[in-house]
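Notes for the one structure printed next.
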Amino acid sequence: MDETIEYAAATGALSTMWLLIALPLFGAAVLLTGGRRLDKTAPSMGTATVALTFALSVFYVVTLAGLDNRSVSLNLFSFIPVTDLQVDAGLLLDPLSAVFILLITGVGGLIHLYSIGYMHDDPGRRRFFGYLNLFVAAMLLLVLGNSFVLLYVGWEGVGLASYLLIAFWYTRPGAATAAKKAFIMNRVGDVGLAIAIFLMFATLGSTQYADVLGGADALTGGTATALALLLLLGACGKSGQFPLQAWLPDAMEGPTPVSALIHAATMVTAGVYLIARAAPIYNLTETGRTVVAIVGAVTLLIGCIAGCAKDDIKRVLAWSTVSQIGYMFLAVGLGPAGYAVGILHLLTHGFFKAGLFLGAGSVMHGMHDEVDMRKYGALAKRMKITFATFTLGYLALIGFPFLSGFYSKDLIIEAAFDKGGTSGWLLGGAALLGAGLTAFYMTRLMLMTFFGEQRWDKGVQPHESPTVMTVPMIVLAFGSVFAGFLLVNVFPLESWLEPVFGPRPEVEHVIEPIVVTLLVTVLVAIGIAAAWLFVGRRQVARTPPVSVSAVVRAARANLYGDALNESVFMRPGQWLTRALVFVDNKGVDGAVNGVAALMGGSSARLGRAQNGFVRTYALGMLGGSILVVAALLAVRFG
């Protein structure tokens with residue numbers, strides 16, 4: 001009886017988890033409609049709503065941990081009651097969504113706090129914090145919704161909020177263009193997600209997780225593969241994966257806190273969440289999982305290569321995000337052996353990448369918004385806190401032993417090799433190569449930014465950021481150091497996620513874990529040494545060299561991803577549009593206008609015969625009579 005009472009009390013406490021979405025949504029509504037009188041209090045109000053949401057998230061997750069089945073579904077109201085299509089608006093809190101709400105509200109809250117200092121002098125800060133709150137609310141709906149339809153609502157909400165945030169400084173042509181590019185490319189992926197939802201309803205009669213994922217075994221192999229590929233298309237758009245990765249680096253046109261929010265804790269992880277949530281579908285199709293893994297491997301290499309040639313500090317980190325999300329896709333593409341590992345890397349990445357972006361913003365803040373690393377140098381002594389926190393994030397990202405990235409990235413590489421066969425070696429080799437390239441471009445960033453000779457413009461006086469900006473960086477630096485160890489050894493994430501993904505299967509290692517660790521360490525050391533040889537030992541020019549190799553030119557051009565999209569999709573689309581406009585103007589409109597002109601001209605000509613002269617009418621009557629008589633004679637004697 002006592003256990004029943006405790007269970008009822010726990011589930012009763014979780015009945016208010018709709019507040020997780022309502023609080024930031026309320027904050028967004030107030031800030032966006034409250035007018036200028038809220039300009040001064042907007043930063044505090046926006047940050048407070050997310051901080052309170054984080055506190056509630058911790059409470060709900062602790063409560064969930066005390067339940068045996070660790071899953072609570074809360075039905076709110078009937079959302080779409082249309083004959084056979086019955087969609088209930090409800091929330092699902094389980095180990096997977098619990099992980100995401102902590103990440104979204106925790107890291108998101110730190111980014112809000114950082115933004116108080118970063119956006120202090122911006123006249124549009126009230127609107128900015130309103131957009132941030134809207135983004136957090138949409139992301140929470142995405143991960144808490146109990147159906148694919150509610151996921152889609154949150155999905156589109158995140159797309160709208162990201163558009164508003166990227167285009168926050170909309171008077172800048174680059175920001176407006178980048179926002180439009182992100183919005184359009186995300187719509188391409190969203191088509192895949194929408195069709196997948198239609199297919200779910202057509203085959204299973206429902207879009208609720210309980211029905212779709214619980215009844216996935218009833219799907220045929222072809223249908224499961226089709227669903228897996230359509231969901232992957234949606235995930236590629238939202239997470240910036242090949243071939244829809246081009247929008248992600250351009251999103252750097254938004255304020256730096258936006259870059260941290262989109263690239264670390266929220267938007268780009270939505271695709272990983274979608275695939276992980278649809279694990280029962282992917283478990284049915286080897287083809288679907290393999291395509292996900294290949295996309296991840298290709299993308300991680302594209303991100304690494306492009307990041308090696310960039311001089312804009314934020315764009316280097318953006319391409320790093322493309323690469324690291326590629327690692328996550330590779331992991332979840334490995335199926336039951338990689339789902340939990342991919343989520344582990346998602347969490348560790350949330351700490352060190354958010355810290356790195358906030359560190360980059362701190363550098364820009366101290367360098368009068370300069371983003372070109374060729375105009376930095378020798379900042380380690382001028383910005384000691386930023387340098388220390390950035391260094392810890394850098395070491396975690398490259399997989400320095402016993403920091404957060406070391407635990408998650410090594411497990412992904414190990415799982416890739418364990419796939420076995422040719423595909424296992426190719427995927428594992430790509431992940432290994434990516435580790436070496438990551439060490440190269442990140443060491444290059446560190447050397448160009450914090451070491452060497454100062455290359456600042458005249459009048460620039462680098463300085464440390466205010467406390468309201470450095471405190472979030474310090475907190476994230478601690479996460480960069482300890483999160484991996486805690487999630488592997490103290491609070492095992494794999495055990496926490498077992499109710500969602502099932503136990504991780506035991507496999508015979510193709511390469512022993514210690515050997516994988518040694519290989520990664522050696523390649524990281526080679527990457528660091530190469531960066532030192534090419535950058536550290538040489539004087540960095542303030543302008544990039546013109547005469548470079550074909551590889552560097554390709555990397556500077558984002559491996560011609562934009563050119564490919566323009567050639568394959570944009571220009572043919574423009575030509576098709578122009579052709580349709582021509583056919584519409586000259587064909588459809590031409591035919592209609594031609595008939596109108598014929599009738600008008602004919603009536604005008606006939607109207608000339610009505611001149612009012614009796615002799616003209618008499619002549620017409622005579623001519624008509626002659627024709628009638630001639631016709632009658634022809635019939636009679638013909």
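In the structure tokens, each chain is lettered A, B, ... as it comes, each chain's residues begin at 1, and ligands are numbered from 1 in order of appearance.
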
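By only C-alpha atoms, and with residues fewer than 4 positions from Ser320 (chain A) along its chain excluded, the set lying at most 7 Å from it is Gly303, Cys304, Gly307, Val316 and Gln324 of chain A.
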
* Backbone DSSP call of alpha helix (DSSP H) for region 558-604 of chain A, listed as a PyMOL selection string -> chain A and resi 561-565+571-582+589-604

* **Shell around Thr225 (chain A) at 9 Å using only C-alpha atoms, local window under 2 positions removed, as an NGL selection string** => :A and (220-223 or 227-230 or 281-282 or 284-289)

Output the selection as a PDB file, in the first residue's frame - N, CA and C atoms for each residue.
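Final output, saved to selection29.pdb:
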```
ATOM      1  N   THR A 220       6.396  -3.750 -42.751  1.00  0.00           N
ATOM      2  CA  THR A 220       7.183  -4.557 -43.681  1.00  0.00           C
ATOM      3  C   THR A 220       8.578  -3.966 -43.807  1.00  0.00           C
ATOM      4  N   GLY A 221       9.500  -4.762 -44.345  1.00  0.00           N
ATOM      5  CA  GLY A 221      10.875  -4.288 -44.473  1.00  0.00           C
ATOM      6  C   GLY A 221      10.982  -3.040 -45.320  1.00  0.00           C
ATOM      7  N   GLY A 222      10.240  -3.013 -46.439  1.00  0.00           N
ATOM      8  CA  GLY A 222      10.287  -1.844 -47.318  1.00  0.00           C
ATOM      9  C   GLY A 222       9.738  -0.600 -46.667  1.00  0.00           C
ATOM     10  N   THR A 223       8.627  -0.743 -45.926  1.00  0.00           N
ATOM     11  CA  THR A 223       8.029   0.405 -45.250  1.00  0.00           C
ATOM     12  C   THR A 223       8.944   0.922 -44.154  1.00  0.00           C
ATOM     13  N   LEU A 227      10.477   4.676 -44.046  1.00  0.00           N
ATOM     14  CA  LEU A 227      10.330   5.552 -42.890  1.00  0.00           C
ATOM     15  C   LEU A 227      11.687   6.000 -42.358  1.00  0.00           C
ATOM     16  N   ALA A 228      12.632   5.069 -42.280  1.00  0.00           N
ATOM     17  CA  ALA A 228      13.957   5.398 -41.762  1.00  0.00           C
ATOM     18  C   ALA A 228      14.637   6.455 -42.629  1.00  0.00           C
ATOM     19  N   LEU A 229      14.537   6.329 -43.940  1.00  0.00           N
ATOM     20  CA  LEU A 229      15.190   7.284 -44.842  1.00  0.00           C
ATOM     21  C   LEU A 229      14.492   8.637 -44.824  1.00  0.00           C
ATOM     22  N   LEU A 230      13.168   8.643 -44.726  1.00  0.00           N
ATOM     23  CA  LEU A 230      12.437   9.909 -44.657  1.00  0.00           C
ATOM     24  C   LEU A 230      12.734  10.644 -43.348  1.00  0.00           C
ATOM     25  N   ILE A 281      12.041   1.648 -35.107  1.00  0.00           N
ATOM     26  CA  ILE A 281      11.914   1.585 -36.567  1.00  0.00           C
ATOM     27  C   ILE A 281      13.261   1.260 -37.192  1.00  0.00           C
ATOM     28  N   TYR A 282      14.312   1.928 -36.727  1.00  0.00           N
ATOM     29  CA  TYR A 282      15.643   1.686 -37.295  1.00  0.00           C
ATOM     30  C   TYR A 282      16.157   0.287 -36.978  1.00  0.00           C
ATOM     31  N   LEU A 284      14.595  -2.275 -37.334  1.00  0.00           N
ATOM     32  CA  LEU A 284      14.015  -3.200 -38.305  1.00  0.00           C
ATOM     33  C   LEU A 284      14.691  -3.154 -39.668  1.00  0.00           C
ATOM     34  N   THR A 285      15.563  -2.173 -39.902  1.00  0.00           N
ATOM     35  CA  THR A 285      16.132  -1.996 -41.233  1.00  0.00           C
ATOM     36  C   THR A 285      17.635  -1.757 -41.170  1.00  0.00           C
ATOM     37  N   GLU A 286      18.371  -2.748 -41.593  1.00  0.00           N
ATOM     38  CA  GLU A 286      19.827  -2.620 -41.661  1.00  0.00           C
ATOM     39  C   GLU A 286      20.223  -1.543 -42.661  1.00  0.00           C
ATOM     40  N   THR A 287      19.480  -1.449 -43.755  1.00  0.00           N
ATOM     41  CA  THR A 287      19.775  -0.433 -44.772  1.00  0.00           C
ATOM     42  C   THR A 287      19.636   0.970 -44.194  1.00  0.00           C
ATOM     43  N   GLY A 288      18.557   1.203 -43.467  1.00  0.00           N
ATOM     44  CA  GLY A 288      18.342   2.516 -42.865  1.00  0.00           C
ATOM     45  C   GLY A 288      19.456   2.894 -41.915  1.00  0.00           C
ATOM     46  N   ARG A 289      19.872   1.958 -41.066  1.00  0.00           N
ATOM     47  CA  ARG A 289      20.944   2.248 -40.111  1.00  0.00           C
ATOM     48  C   ARG A 289      22.258   2.514 -40.840  1.00  0.00           C
TER      49      ARG A 289
END
```

* If you run DSSP over the backbone, which residues in region 47-246 of chain A end up strand (DSSP E)? Put them as JSON, numbers by chain. => {"A": [72, 73, 74, 75, 76, 77, 78, 79, 80, 81, 82, 85, 86, 87, 88, 89, 90, 91, 92, 93]}

Which residues of region 96-115 of chain A have any atom within 10 Å of an atom in region 244-257 of chain A when counting only C-alpha atoms, and what is the closest pair of atoms for each, with the distance in Å to one decimal? Order the rows by chain and rising number and write it as CSV.
```
residue,atom,partner,partner_atom,distance
A:Gly108,CA,A:Pro257,CA,9.5
A:Leu110,CA,A:Pro257,CA,9.8
A:Ile111,CA,A:Pro257,CA,6.1
A:His112,CA,A:Pro257,CA,7.8
A:Leu113,CA,A:Pro257,CA,9.8
A:Tyr114,CA,A:Pro257,CA,7.5
A:Ser115,CA,A:Pro257,CA,6.2
```

* To do: For Phe128 (chain A), list every protein, DNA or RNA residue within 10 Å, evaluated using only C-alpha atoms, and leave out those in the same chain fewer than 2 positions away; present the list as a PyMOL selection string.
  => chain A and resi 28+31-32+42-43+46+115+119+122-126+130-134+164-165+168-169+255+258

* **Between CA of Lys310 (chain A) and CA of Ser465 (chain A) - distance in Å to one decimal** => 24.7 Å

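Distance annotation: of A:Ala216, A:Leu347, A:Lys375, A:Ala596, the residue with the minimal separation from Val488 (chain A) is A:Leu347; atom set is only C-alpha atoms.
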
* Asked: Expressed in Å to a single decimal, how great is the separation between CA of Arg277 (chain A) and CA of Val50 (chain A)?
  -> 24.6 Å

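The residue set within 10 Å of Leu20 (chain A), counting only C-alpha atoms and dropping same-chain residues fewer than 4 places from it, reads Thr16, Pro24, Leu25, Thr49, Val50, Leu52, Thr53, Phe54, Ala55, Leu56, Ser57, Tyr60, Ile101, Thr105, Val136, Ala137, Leu140, Leu141 and Leu144 of chain A.
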
* To do: Measure the distance from CA of Asn558 (chain A) to CA of Leu397 (chain A) in Å and round it to one decimal.
  =>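 Interatomic distance here is 21.3 Å.
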
* Would you mind listing what lies within 12 Å of Phe534 (chain A) as a list in words, with only C-alpha atoms counted and same-chain residues fewer than 4 positions away left out? =>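 Residues meeting the cut-off are Cys308, Phe440, Tyr441, Thr443, Arg444, Leu447, Met448, Gly527, Ile528, Ala529, Ala530, Arg538, Gln539 and Val540 of chain A.
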
* **Proximity to Asn75 (chain A) - best of A:Leu14, A:Ser480, A:Ala138, A:Val62, only C-alpha atoms** =>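 Checking each candidate against Asn75 (chain A), we get A:Leu14 as the closest.
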
* To do: Using only C-alpha atoms, determine which residues lie at most 6 Å from region 333-343 of chain A, disregarding the query and same-chain residues fewer than 3 positions distant; provide the list as an MDAnalysis selection string.
  => chainID A and resid 289 292:293 328:330 346 494 504

Written selection (N, CA and C atoms) as a PDB file, in the first residue's frame:
```
ATOM      1  N   ARG A 289      19.872   1.958 -41.066  1.00  0.00           N
ATOM      2  CA  ARG A 289      20.944   2.248 -40.111  1.00  0.00           C
ATOM      3  C   ARG A 289      22.258   2.514 -40.840  1.00  0.00           C
ATOM      4  N   VAL A 292      22.352   6.006 -42.282  1.00  0.00           N
ATOM      5  CA  VAL A 292      22.578   6.986 -41.220  1.00  0.00           C
ATOM      6  C   VAL A 292      24.064   7.037 -40.849  1.00  0.00           C
ATOM      7  N   ALA A 293      24.680   5.870 -40.692  1.00  0.00           N
ATOM      8  CA  ALA A 293      26.091   5.826 -40.323  1.00  0.00           C
ATOM      9  C   ALA A 293      26.974   6.418 -41.418  1.00  0.00           C
ATOM     10  N   MET A 328      27.847  11.807 -33.867  1.00  0.00           N
ATOM     11  CA  MET A 328      26.622  11.325 -33.212  1.00  0.00           C
ATOM     12  C   MET A 328      25.766  10.524 -34.182  1.00  0.00           C
ATOM     13  N   PHE A 329      25.641  10.991 -35.426  1.00  0.00           N
ATOM     14  CA  PHE A 329      24.882  10.245 -36.425  1.00  0.00           C
ATOM     15  C   PHE A 329      25.537   8.896 -36.699  1.00  0.00           C
ATOM     16  N   LEU A 330      26.851   8.897 -36.771  1.00  0.00           N
ATOM     17  CA  LEU A 330      27.558   7.631 -36.956  1.00  0.00           C
ATOM     18  C   LEU A 330      27.222   6.665 -35.824  1.00  0.00           C
ATOM     19  N   LEU A 346      26.488  13.489 -27.369  1.00  0.00           N
ATOM     20  CA  LEU A 346      25.640  14.671 -27.474  1.00  0.00           C
ATOM     21  C   LEU A 346      25.710  15.500 -26.188  1.00  0.00           C
ATOM     22  N   GLU A 494      24.357   4.819 -19.865  1.00  0.00           N
ATOM     23  CA  GLU A 494      23.908   3.615 -20.575  1.00  0.00           C
ATOM     24  C   GLU A 494      22.826   2.888 -19.790  1.00  0.00           C
ATOM     25  N   ARG A 504      22.684  -2.775 -24.102  1.00  0.00           N
ATOM     26  CA  ARG A 504      23.659  -2.716 -25.189  1.00  0.00           C
ATOM     27  C   ARG A 504      24.205  -4.125 -25.429  1.00  0.00           C
TER      28      ARG A 504
END
```

* Asked: A:Trp456, A:Phe351, A:Tyr170, A:Tyr152: which is nearest Phe478 (chain A), counting only C-alpha atoms?
  ->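 When distances to Phe478 (chain A) are compared using only C-alpha atoms, the smallest one comes from A:Phe351.
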
* Asked: Which one is closest to Val295 (chain A): A:Leu274, A:Val548, A:Ala196, A:Leu427? Count only C-alpha atoms.
  ->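 Looking at the shortest contact to Val295 (chain A), the residue is A:Leu427.
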